[in-house]
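Student: Sharing a structure below in structure tokens format, with a few things to ask.
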Amino acid sequence: MKPKLSDEEYKKILPEFTYYVTRQKGTERAFSGKYYNHKEVGVYHCVCCDAPLFNSQTKFDSGTGWPSFYQPIQGAIKELKDYSHNMLRIEVVCANCDAHLGHVFEDGPAPTGLRYCINSESLTFKGE
Ligand code: FE
């Protein structure tokens with residue numbers, strides 16, 4: 001995994017939409033990303049710094065149109081309070097580089113009951 005860069009550097013090296021989602025807390029349209037229906041075995045990494053974030057074994061079909069996981073890799077993410085849009089949600093960011101990933105909700109499946117709702121745009125996939 002790579003060290004965190006400055007916002008200016010990310011703006012230079014990331015595609016515009018990737019920069020918008022990961023560094024400006026954007027959201028891709030539902031069913032528009034490349035991983036919501038992706039079922040290969042492997043690990044999803046942070047698109048900005050390459051840190052491993054989610055194992056494919058913890059991915060499930062939420063029907064929301066975003067890649068959904070019931071559990072992150074231990075220590076890989078940070079959770080922050082997000083008061084935007086007049087509600088409290090828990091934002092999920094990369095623990096290494098603070099890339100915005102998505103949000104976590106308490107309506108997921110066993111064993112955690114959590115649903116990490118993640119933008120495809122914030123991820124890269126490495127198959128086994
Ligand atoms: Fe990262």
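Please note that chains go A, B, ... in the order of the structure tokens, that every chain numbers its residues from 1, and that ligands are numbered from 1 in the order shown.
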Please identify all protein, DNA and RNA residues within 12 Å of ligand 1, counting only C-alpha atoms and all ligand atoms, and report them as a count of residues only.
Tutor: 34
Student: Using DSSP on the backbone, list every residue of chain A that comes out as alpha helix (DSSP H), and give them as a PyMOL selection string.
Tutor: chain A and resi 7-13+16-23
Student: Would you pick out the contacts of A:Pro72 at 8 Å or less, using only C-alpha atoms, so that residues sharing its chain but fewer than 6 positions from it are not included, and give the list as a list of chain:residue names?
Tutor: A:Leu53, A:Phe54, A:Asn55, A:Thr58, A:Tyr116
Student: Find the residues near A:Val104: any atom within 6 Å, counting only C-alpha atoms, skip ones fewer than 6 places away on the same chain, and give them as a ChimeraX atom specification.
Tutor: /A:90,115-117
Student: Considering only C-alpha atoms, state which residue in the set A:Tyr35, A:Glu121, A:His103, A:Leu80 is at the smallest distance from A:Tyr19.
Tutor: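 Among the listed residues, the smallest separation from A:Tyr19 belongs to A:Glu121.
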Student: Within chain A, find each residue whose DSSP state, derived from the backbone, is strand (DSSP E), and express the selection as number ranges by chain.
Tutor: A: 42-46, 52-55, 59-60, 68-69, 77-82, 89-94, 100-105, 115-118, 123-127
Student: Name the closest residue to A:Asp107 among the candidates A:Gly42, A:Tyr20, A:Gly33, A:Ser68; distances are taken between atoms, counting only C-alpha atoms.
Tutor: A:Ser68
Student: I want to know what sits within 10 Å of A:Gly63, based on only C-alpha atoms, with residues of the same chain fewer than 6 positions away left out; could you give that as a PyMOL selection string?
Tutor: chain A and resi 30-31+36-37
Student: Store the residues of this selection in a file with C-alpha atoms, as an mmCIF file, in the first residue's frame.
Tutor:
data_model
loop_
_atom_site.group_PDB
_atom_site.id
_atom_site.type_symbol
_atom_site.label_atom_id
_atom_site.label_comp_id
_atom_site.auth_asym_id
_atom_site.auth_seq_id
_atom_site.Cartn_x
_atom_site.Cartn_y
_atom_site.Cartn_z
ATOM 1 C CA ALA A 30 -26.801 2.950 -8.202
ATOM 2 C CA PHE A 31 -26.205 0.082 -10.663
ATOM 3 C CA TYR A 36 -22.081 -4.192 -7.586
ATOM 4 C CA ASN A 37 -22.695 -7.489 -9.403
#
Student: Could you tell me which of A:Leu14, A:Ser56, A:His38, A:Ser62 comes closest to A:Gly108 if we count only C-alpha atoms?
Tutor: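 Closest to A:Gly108 of all the choices is A:Ser62.
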Student: So how many Å separate atom CA of A:Asp61 and atom CA of A:Pro109, to one decimal?
Tutor: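 That distance, rounded to one decimal, is 10.1 Å.
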Student: For A:Glu28, which residue among A:Lys126, A:Glu106, A:Glu91, A:Gly65 is the nearest when counting only C-alpha atoms?
Tutor: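 Going through A:Lys126, A:Glu106, A:Glu91, A:Gly65 one by one, the smallest distance to A:Glu28 is for A:Gly65.
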